[in-house]
>>> print(open('coords_11.txt').read())   # compact mmCIF, C-alpha atoms
# COMPACT_ATOMS: atom_id res chain seq x y z
CA MET E 22 11.20 -31.71 14.21
CA GLN E 23 14.65 -31.14 12.82
CA ASN E 24 17.10 -28.45 13.81
CA PHE E 25 17.40 -25.38 11.62
CA TRP E 26 19.80 -22.43 11.60
CA PRO E 27 22.40 -24.19 13.82
CA SER E 28 24.73 -21.19 13.47
CA SER E 29 22.17 -18.97 15.23
CA GLY E 30 23.53 -20.01 18.63
CA PHE E 31 20.11 -21.19 19.81
CA ASP E 32 21.57 -24.51 20.95
CA GLN E 33 24.13 -22.64 23.08
CA LEU E 34 21.46 -20.57 24.85
CA ARG E 35 18.94 -21.47 27.53
CA ARG E 36 15.42 -20.25 28.17
CA ASN E 37 14.17 -18.62 31.33
CA ALA E 38 10.67 -19.07 32.77
CA ARG E 39 9.30 -16.47 30.35
CA GLY E 40 10.75 -18.28 27.36
CA TRP E 41 13.36 -15.60 26.69
CA LEU E 42 16.96 -16.51 25.89
CA VAL E 43 19.64 -16.30 28.58
CA PRO E 44 23.23 -15.76 27.31
CA THR E 45 25.83 -18.38 28.19
CA ASP E 46 29.59 -18.69 27.86
CA ASP E 47 29.13 -21.02 24.90
CA TYR E 48 27.02 -18.41 23.12
CA LEU E 49 29.69 -15.74 23.69
CA ARG E 50 32.33 -18.12 22.36
CA LEU E 51 30.55 -18.08 19.00
CA PHE E 52 31.40 -14.37 18.69
CA LEU E 53 35.05 -15.04 19.53
CA ALA E 54 35.14 -17.53 16.65
CA ARG E 55 33.78 -15.03 14.13
CA PRO E 56 36.21 -13.56 11.53
CA GLU E 57 36.12 -10.18 13.28
CA LEU E 58 37.73 -11.64 16.43
CA ALA E 59 39.32 -14.91 15.33
CA LEU E 60 43.09 -15.04 15.43
CA VAL E 61 45.08 -14.59 12.21
CA PRO E 62 48.75 -15.30 11.51
CA GLU E 63 49.52 -11.60 12.06
CA SER E 64 47.96 -11.53 15.54
CA CYS E 65 50.39 -10.30 18.16
CA ASP E 66 51.21 -12.15 21.38
CA ALA E 67 48.98 -9.86 23.45
CA GLU E 68 46.01 -10.55 21.18
CA ARG E 69 46.64 -14.29 21.31
CA ALA E 70 46.78 -14.18 25.10
CA LEU E 71 43.58 -12.12 25.38
CA HIS E 72 41.73 -14.33 22.92
CA ALA E 73 42.76 -17.50 24.75
CA ALA E 74 41.72 -16.03 28.09
CA LEU E 75 38.29 -15.04 26.74
CA VAL E 76 37.70 -18.40 25.10
CA LEU E 77 38.43 -20.01 28.48
CA GLN E 78 36.23 -17.55 30.38
CA PRO E 79 34.14 -15.37 27.99
CA SER E 80 32.62 -13.27 30.76
CA ARG E 81 35.91 -12.39 32.46
CA ALA E 82 36.79 -8.76 33.07
CA VAL E 83 39.23 -7.24 30.59
CA THR E 84 41.39 -4.35 31.74
CA PRO E 85 42.14 -1.27 29.61
CA ARG E 86 45.78 -2.30 29.75
CA GLU E 87 45.00 -5.66 28.13
CA GLN E 88 43.05 -3.95 25.37
CA GLY E 89 45.67 -1.29 24.84
CA ALA E 90 48.41 -3.90 24.47
CA LEU E 91 46.94 -5.12 21.17
CA ALA E 92 49.26 -4.00 18.39
CA ASP E 93 46.62 -3.79 15.66
CA ALA E 94 44.23 -0.83 15.82
CA ASP E 95 41.42 -2.76 14.11
CA ALA E 96 41.79 -5.58 16.61
CA ARG E 97 41.56 -3.09 19.50
CA ALA E 98 38.41 -1.61 18.00
CA ASN E 99 36.82 -5.01 17.42
CA TYR E 100 37.49 -6.18 20.96
CA ALA E 101 36.14 -2.91 22.36
CA LEU E 102 32.89 -3.42 20.42
CA PHE E 103 32.58 -7.02 21.50
CA LEU E 104 33.21 -6.24 25.17
CA ARG E 105 30.67 -3.41 25.18
CA PHE E 106 28.14 -5.73 23.56
CA ARG E 107 28.97 -8.58 25.96
CA ASP E 108 28.71 -6.46 29.08
CA ALA E 109 25.39 -4.91 28.04
CA LEU E 110 23.96 -8.30 27.09
CA LEU E 111 24.97 -9.88 30.40
CA SER E 112 23.60 -6.89 32.29
CA ALA E 113 20.24 -7.18 30.50
CA GLY E 114 20.09 -10.88 31.35
CA THR E 115 18.34 -12.01 28.16
CA LEU E 116 18.77 -11.50 24.43
CA GLU E 117 15.20 -10.21 24.17
CA GLY E 118 15.64 -7.76 27.03
CA TYR E 119 18.83 -6.39 25.52
CA TYR E 120 17.29 -6.21 22.02
CA LEU E 121 14.34 -4.21 23.34
CA SER E 122 16.58 -1.86 25.30
CA LEU E 123 18.60 -1.00 22.20
CA PHE E 124 15.58 0.47 20.43
CA ARG E 125 13.54 1.79 23.32
CA ARG E 126 16.34 4.11 24.36
CA GLY E 127 16.74 5.28 20.76
CA HIS E 128 20.50 4.79 20.67
CA VAL E 129 21.94 1.67 19.05
CA ASP E 130 25.62 1.56 19.94
CA ILE E 131 26.54 -1.82 18.45
CA PRO E 132 27.20 -2.72 14.80
CA PRO E 133 24.24 -3.78 12.63
CA LEU E 134 25.81 -7.24 12.39
CA PHE E 135 25.37 -7.76 16.14
CA VAL E 136 21.74 -6.61 15.92
CA ASP E 137 21.07 -9.14 13.15
CA LEU E 138 22.79 -11.94 15.09
CA LEU E 139 20.59 -11.19 18.10
CA ALA E 140 17.50 -11.16 15.89
CA GLN E 141 18.46 -14.47 14.29
CA ALA E 142 18.72 -16.22 17.65
CA ILE E 143 15.45 -14.68 18.83
CA VAL E 144 13.56 -15.60 15.64
CA ARG E 145 14.98 -19.12 15.97
CA ASN E 146 13.49 -19.20 19.46
CA VAL E 147 10.15 -17.79 18.29
CA LEU E 148 9.85 -20.42 15.53
CA ASP E 149 11.27 -23.34 17.48
CA ASP E 150 8.02 -25.30 17.32
CA SER E 151 7.19 -24.41 13.71
CA THR E 152 7.02 -27.20 11.14
CA ASP E 153 6.22 -24.85 8.25
CA VAL E 154 9.32 -24.17 6.16
CA TYR E 155 7.58 -21.21 4.51
CA GLU E 156 7.46 -19.56 7.93
CA LEU E 157 11.13 -20.39 8.49
CA ARG E 158 12.13 -18.87 5.14
CA ALA E 159 9.98 -15.82 5.86
CA GLY E 160 11.63 -15.60 9.27
CA GLU E 161 14.99 -15.07 7.57
CA MET E 162 13.70 -11.72 6.38
CA LEU E 163 13.81 -10.43 9.95
CA PHE E 164 17.61 -10.65 10.07
CA ARG E 165 18.89 -10.99 6.49
CA ALA E 166 18.47 -8.40 3.73
CA GLN E 167 16.67 -9.47 0.55
CA ARG E 168 16.65 -8.58 -3.12
CA ILE E 169 13.32 -8.55 -4.94
CA SER E 170 12.76 -9.60 -8.54
CA THR E 171 9.73 -10.26 -10.71
CA GLN E 172 9.69 -13.35 -12.89
CA GLY E 173 6.67 -14.57 -14.82
CA GLY E 174 4.30 -12.58 -12.66
CA GLN E 175 5.88 -13.85 -9.44
CA ILE E 176 7.39 -11.52 -6.85
CA LEU E 177 10.44 -13.33 -5.50
CA ALA E 178 12.63 -12.53 -2.50
CA ALA E 179 16.24 -13.75 -2.59
CA ASP E 180 18.92 -13.44 0.06
CA ARG E 181 20.90 -10.34 -0.85
CA ASP E 182 24.31 -11.59 0.27
CA VAL E 183 23.90 -14.88 -1.58
CA VAL E 184 22.71 -13.17 -4.76
CA ASP E 185 25.63 -10.76 -4.66
CA LEU E 186 28.10 -13.58 -4.08
CA LEU E 187 26.70 -15.71 -6.88
CA SER E 188 26.75 -12.78 -9.26
CA GLU E 189 30.45 -12.31 -8.48
CA THR E 190 31.55 -15.95 -8.46
CA GLY E 191 28.85 -17.99 -10.20
CA GLY E 192 28.82 -20.22 -7.14
CA LEU E 193 32.42 -21.30 -7.69
CA GLY E 194 34.11 -19.36 -4.91
CA GLU E 195 37.39 -17.56 -5.51
CA ILE E 196 37.98 -19.46 -8.74
CA GLY E 197 34.65 -18.21 -9.99
CA ARG E 198 35.57 -14.66 -9.06
CA LEU E 199 38.74 -14.90 -11.12
CA LEU E 200 36.84 -16.37 -14.07
CA THR E 201 34.28 -13.57 -13.85
CA GLN E 202 37.04 -10.97 -13.94
CA ALA E 203 38.45 -12.71 -17.01
CA ASN E 204 35.00 -12.79 -18.67
CA ALA E 205 35.25 -16.56 -18.93
CA PRO E 206 32.02 -18.60 -19.31
CA MET E 207 30.87 -20.28 -16.11
CA ARG E 208 28.28 -22.78 -14.98
CA ALA E 209 25.29 -20.87 -13.65
CA LEU E 210 24.10 -21.87 -10.21
CA GLU E 211 20.41 -21.11 -9.85
CA MET E 212 18.53 -20.42 -6.66
CA ALA E 213 15.36 -22.45 -6.18
CA VAL E 214 11.91 -21.08 -5.40
CA LEU E 215 10.65 -22.72 -2.21
CA ALA E 216 7.80 -25.04 -3.23
CA GLU E 217 6.10 -28.24 -2.14
CA HIS E 218 8.48 -30.48 -4.08
CA ASN E 219 11.66 -29.04 -2.52
CA ALA E 220 10.32 -27.90 0.87
CA PRO E 221 11.80 -30.91 2.77
CA ARG E 222 15.28 -29.82 1.64
CA TYR E 223 14.99 -26.67 3.70
CA TRP E 224 15.76 -28.55 6.91
CA GLN E 225 19.21 -29.42 5.54
CA ASP E 226 19.91 -26.53 3.15
CA GLY E 227 18.05 -23.60 4.68
CA GLU E 228 21.10 -22.09 6.30
CA ARG E 229 22.72 -21.74 2.88
CA HIS E 230 19.99 -19.16 2.17
CA ARG E 231 19.52 -20.23 -1.45
CA PHE E 232 15.75 -20.59 -1.43
CA LEU E 233 13.67 -17.86 -3.03
CA LEU E 234 10.46 -16.94 -1.24
CA ASP E 235 7.46 -16.27 -3.47
CA LEU E 236 5.80 -13.11 -2.14
CA THR E 237 2.98 -13.24 -4.68
CA HIS E 238 -0.09 -13.14 -2.47
CA GLU E 239 -2.90 -13.16 -5.01
CA VAL E 240 -3.30 -14.69 -8.47
CA ARG E 241 -5.62 -13.10 -11.01
CA ASN E 242 -7.27 -15.22 -13.67
CA ASP E 243 -9.00 -13.49 -16.56
CA LEU E 244 -12.22 -15.34 -17.37
CA SER E 245 -14.53 -14.98 -20.33
CA HIS E 246 -16.95 -12.06 -20.69
CA GLY E 247 -14.46 -9.68 -19.12
CA LEU E 248 -14.62 -11.30 -15.69
CA THR E 249 -11.56 -11.57 -13.44
CA LEU E 250 -11.17 -14.08 -10.63
CA THR E 251 -8.73 -13.19 -7.85
CA MET E 252 -7.53 -16.01 -5.61
CA THR E 253 -5.33 -15.85 -2.52
CA ARG E 254 -2.42 -18.29 -2.73
CA ALA E 255 -2.38 -20.87 0.06
CA ARG E 256 1.43 -20.78 0.13
CA SER E 257 1.86 -17.04 0.04
CA GLY E 258 5.21 -15.86 1.35
CA LEU E 259 3.49 -12.71 2.58
CA GLY E 260 1.04 -14.85 4.53
CA ALA E 261 3.94 -16.74 6.08
CA LEU E 262 5.66 -13.47 6.96
CA ALA E 263 2.46 -12.22 8.60
CA ARG E 264 2.33 -15.31 10.83
CA VAL E 265 5.98 -14.84 11.82
CA LEU E 266 5.33 -11.21 12.75
CA GLU E 267 2.33 -12.29 14.86
CA ARG E 268 4.59 -14.65 16.79
CA TRP E 269 7.31 -12.00 17.10
CA ILE E 270 4.90 -9.53 18.71
CA ALA E 271 3.39 -12.13 21.05
CA HIS E 272 6.85 -13.29 22.15
CA PHE E 273 8.09 -9.81 23.07
CA LEU E 274 4.97 -7.93 24.07
CA GLY E 275 2.64 -10.67 25.25
CA VAL E 276 -0.24 -9.44 23.09
CA ALA E 277 -2.16 -11.44 20.51
CA VAL E 278 -2.61 -9.81 17.11
CA HIS E 279 -3.84 -10.96 13.72
CA ILE E 280 -1.98 -9.76 10.63
CA ARG E 281 -3.10 -10.26 7.04
CA PRO E 282 -1.84 -8.87 3.73
CA GLU E 283 -4.01 -6.15 2.20
CA PRO E 284 -3.98 -4.85 -1.39
CA ARG E 285 -4.77 -1.25 -0.37
CA ILE E 286 -5.86 1.01 2.46
CA ASP E 287 -9.45 2.12 1.95
CA ASP E 288 -10.01 3.57 5.37
CA PRO E 289 -11.20 7.17 5.81
CA ALA E 290 -10.53 6.78 9.55
CA TRP E 291 -6.91 5.64 9.09
CA ARG E 292 -5.31 6.36 12.45
CA TRP E 293 -2.10 4.33 12.88
CA HIS E 294 0.57 2.76 10.72
CA VAL E 295 4.00 1.20 11.10
CA GLY E 296 6.57 0.78 8.34
CA LEU E 297 8.38 -2.54 8.36
CA ASP E 298 11.43 -0.93 6.75
CA THR E 299 12.85 2.54 6.15
CA GLU E 300 11.31 2.96 2.70
CA ALA E 301 7.83 1.87 3.79
CA THR E 302 7.94 4.13 6.84
CA ALA E 303 8.63 7.19 4.71
CA LEU E 304 6.06 6.17 2.09
CA LEU E 305 3.26 5.55 4.61
CA ASN E 306 4.04 8.82 6.38
CA ASP E 307 3.68 10.72 3.10
CA LEU E 308 0.45 8.94 2.18
CA TYR E 309 -1.02 9.52 5.64
CA GLU E 310 -0.16 13.22 5.53
CA GLY E 311 -1.58 13.58 2.03
CA ASN E 312 1.73 14.41 0.39
CA ALA E 313 2.26 13.68 -3.30
CA VAL E 314 4.03 10.37 -3.86
CA GLU E 315 5.77 9.68 -7.16
CA ALA E 316 4.51 6.69 -9.16
CA GLU E 317 7.97 5.08 -8.99
CA ARG E 318 7.90 5.13 -5.19
CA GLN E 319 4.39 3.74 -5.07
CA GLN E 320 5.43 0.87 -7.32
CA ARG E 321 8.13 -0.08 -4.83
CA LEU E 322 5.48 -0.92 -2.25
CA LEU E 323 5.55 -4.72 -2.00
CA SER E 324 2.60 -5.12 0.31
CA LEU E 325 0.37 -3.58 2.89
CA PHE E 326 -0.82 -5.49 5.93
CA ARG E 327 -3.67 -4.99 8.38
CA LEU E 328 -2.92 -5.69 12.03
CA ASP E 329 -5.78 -6.13 14.51
CA PHE E 330 -5.43 -6.64 18.25
CA ALA E 331 -7.32 -9.68 19.55
CA ASP E 332 -8.24 -7.59 22.60
CA PRO E 333 -8.81 -3.90 21.75
CA GLN E 334 -8.48 -3.06 25.44
CA GLU E 335 -4.75 -3.72 25.11
CA MET E 336 -4.49 -0.72 22.77
CA ARG E 337 -4.27 2.97 23.52
CA ALA E 338 -7.72 4.25 24.38
CA ASP E 339 -7.81 6.79 21.52
CA VAL E 340 -7.26 4.09 18.84
CA ALA E 341 -8.78 1.04 20.56
CA GLY E 342 -10.49 -1.25 18.08
CA LYS E 343 -8.99 0.44 15.03
CA PRO E 344 -6.63 -1.42 12.66
CA VAL E 345 -2.92 -0.75 12.44
CA TYR E 346 -1.62 -0.71 8.87
CA LEU E 347 1.83 -2.05 8.05
CA GLY E 348 3.87 -1.51 4.90
CA LEU E 349 6.74 -3.32 3.21
CA ALA E 350 8.66 -1.64 0.40
CA THR E 351 11.86 -1.97 -1.58
CA SER E 352 14.67 0.51 -1.95
CA ALA E 353 15.54 1.99 -5.34
CA ASP E 354 17.85 -0.97 -6.02
CA GLN E 355 15.10 -3.48 -5.18
CA GLY E 356 16.53 -4.29 -1.77
CA VAL E 357 14.50 -4.95 1.38
CA LYS E 358 15.85 -4.77 4.92
CA LEU E 359 13.15 -5.40 7.49
CA LYS E 360 13.24 -3.58 10.81
CA PRO E 361 11.21 -5.91 13.03
CA GLN E 362 12.04 -3.70 16.00
CA ASN E 363 9.55 -1.17 14.59
CA LEU E 364 6.72 -3.45 15.68
CA LEU E 365 8.06 -3.52 19.23
CA VAL E 366 8.39 0.22 19.78
CA ASN E 367 5.71 1.74 17.52
CA LEU E 368 2.52 -0.22 18.19
CA PRO E 369 -0.22 1.72 20.05
CA LEU E 370 -0.10 -0.28 23.27
CA GLY E 371 -2.20 0.70 26.24
CA ALA E 372 -0.60 1.93 29.44
CA ALA E 373 -1.14 -1.45 31.11
CA ARG E 374 0.84 -3.28 28.42
CA PRO E 375 4.67 -3.49 28.13
CA GLN E 376 6.08 -0.27 26.72
>>> encode(input="coords_11.txt", output="structure tokens")
Amino acid sequence: MQNFWPSSGFDQLRRNARGWLVPTDDYLRLFLARPELALVPESCDAERALHAALVLQPSRAVTPREQGALADADARANYALFLRFRDALLSAGTLEGYYLSLFRRGHVDIPPLFVDLLAQAIVRNVLDDSTDVYELRAGEMLFRAQRISTQGGQILAADRDVVDLLSETGGLGEIGRLLTQANAPMRALEMAVLAEHNAPRYWQDGERHRFLLDLTHEVRNDLSHGLTLTMTRARSGLGALARVLERWIAHFLGVAVHIRPEPRIDDPAWRWHVGLDTEATALLNDLYEGNAVEAERQQRLLSLFRLDFADPQEMRADVAGKPVYLGLATSADQGVKLKPQNLLVNLPLGAARPQ
């Protein structure tokens, strides 16, 4: 197997006996190299000294006096955020333990960027033995926002940041940005739909996030005599996402579940649901409570999923053996930002399981 997502920091981390990721100095150094903390020509002497000291020993204590000596207010704020993140991560002992603690206590006190960086490293760990690039591309959805489009009957997910950048620059960087502002014609740089013929390229190009994931789960063929044949696609992006979410749950909670995409919920005994994003959470809540849902909101529902526990005894007694329904929806601007933490804090686990 080849390496993927080298910027995730997975190579700078180590696993404990449980398979969870233990932070190291090399992992913390990756944060010090990020634009938010990297030195710039305007950095003052105090900032240069603090940065050098942390690069040498990332876990060293930093005094309030050292922080207060930084001339730039933004630099002081950035270092304060990093040090709070670092200290909490080291105290938790693992990335997974810290990630869980952020959401179980209901108070996330670090920037969304740090949450996504944690998730990226953890998903990289979860998928370390995967050889399926469709799973890897689906795994990106757990830490990178997507934009959804429909082309020729296909539902396609594209990396939001890459789409926005290409729309601004045409793939030509700052020069492209200037040409766009001048309304000059530019060479269009297309993003490729992940398919069998280009799948091997993912191992080298996946971190550029320029592969579209086809989320079309079923294909309908109209036959003669008014008959319609519906077939499930073997390379469904939703199927790949379901497998990633199964692994995610098993890695954190130690429970085996089976997740499959569903076209609808036809269950008069519907008891439990979890939204995979903010929009889906609100939509499922309204549907469950019998509230009216506008047609436009319903059309933004990308997919439903059915989650079943392999062992119903691992569920809460009052819902044991019943399915859990999941939803995935877009925002009004066709964006999707998964919240994989919802599956860790909102599943109906029994008292004997991790809470």
>>> closest_residue(input="coords_11.txt", among="E:Val314, E:Val147, E:Ala350, E:Val276", to="Gln334 of chain E", atoms="all atoms listed in the file")
E:Val276
>>> residues_around(input="coords_11.txt", residues="segment 335-339 of chain E", least_positions_apart="3", cutoff="8 Å", atoms="all atoms listed in the file", output="list of chain:residue names")
E:Val276, E:Phe330, E:Asp332, E:Gly342, E:Pro369, E:Leu370, E:Gly371, E:Ala372, E:Ala373, E:Arg374
>>> residues_around(input="coords_11.txt", residues="Ser112 of chain E", least_positions_apart="5", cutoff="12 Å", atoms="only C-alpha atoms", output="PyMOL selection string")
chain E and resi 43-44+80+104-107+118-119+122
>>> write_last_selection(input="coords_11.txt", atoms="C-alpha atoms", output="PDB file, in the frame of the given file")
ATOM      1  CA  VAL E  43      19.640 -16.300  28.580  1.00  0.00           C
ATOM      2  CA  PRO E  44      23.230 -15.760  27.310  1.00  0.00           C
ATOM      3  CA  SER E  80      32.620 -13.270  30.760  1.00  0.00           C
ATOM      4  CA  LEU E 104      33.210  -6.240  25.170  1.00  0.00           C
ATOM      5  CA  ARG E 105      30.670  -3.410  25.180  1.00  0.00           C
ATOM      6  CA  PHE E 106      28.140  -5.730  23.560  1.00  0.00           C
ATOM      7  CA  ARG E 107      28.970  -8.580  25.960  1.00  0.00           C
ATOM      8  CA  GLY E 118      15.640  -7.760  27.030  1.00  0.00           C
ATOM      9  CA  TYR E 119      18.830  -6.390  25.520  1.00  0.00           C
ATOM     10  CA  SER E 122      16.580  -1.860  25.300  1.00  0.00           C
TER      11      SER E 122
END
>>> axis_aligned_box(input="coords_11.txt", around="segment 47-59 of chain E", padding_each_side="4 Å", output="AutoDock Vina command-line options")
--center_x 33.2 --center_y -15.6 --center_z 18.2 --size_x 20.3 --size_y 18.8 --size_z 21.4
>>> residues_around(input="coords_11.txt", residues="segment 71-75 of chain E", least_positions_apart="4", cutoff="12 Å", atoms="all atoms listed in the file", output="MDAnalysis selection string")
chainID E and resid 46:47 49:55 57:61 64:67 79:91 96:97 99:100 103:104 107
>>> atom_distance(input="coords_11.txt", atom1="atom CA of His272 of chain E", atom2="atom CA of Lys358 of chain E")
21.2 Å
>>> closest_residue(input="coords_11.txt", among="E:Ser324, E:His238, E:Glu317, E:Asp298", to="Arg285 of chain E", atoms="all atoms listed in the file")
E:Ser324
>>> closest_atom_pairs(input="coords_11.txt", of="segment 297-361 of chain E", to="segment 134-146 of chain E", cutoff="12 Å", atoms="all atoms listed in the file", output="CSV")
residue,atom,partner,partner_atom,distance
E:Lys358,CA,E:Asp137,CA,10.7
E:Leu359,CA,E:Asp137,CA,10.4
E:Lys360,CA,E:Asp137,CA,9.9
E:Pro361,CA,E:Ala140,CA,8.7
>>> closest_residue(input="coords_11.txt", among="E:Val183, E:Ala216, E:Asp93, E:Met162", to="Leu297 of chain E", atoms="all atoms listed in the file")
E:Met162
>>> atom_distance(input="coords_11.txt", atom1="atom CA of Trp293 of chain E", atom2="atom CA of Pro344 of chain E")
7.3 Å
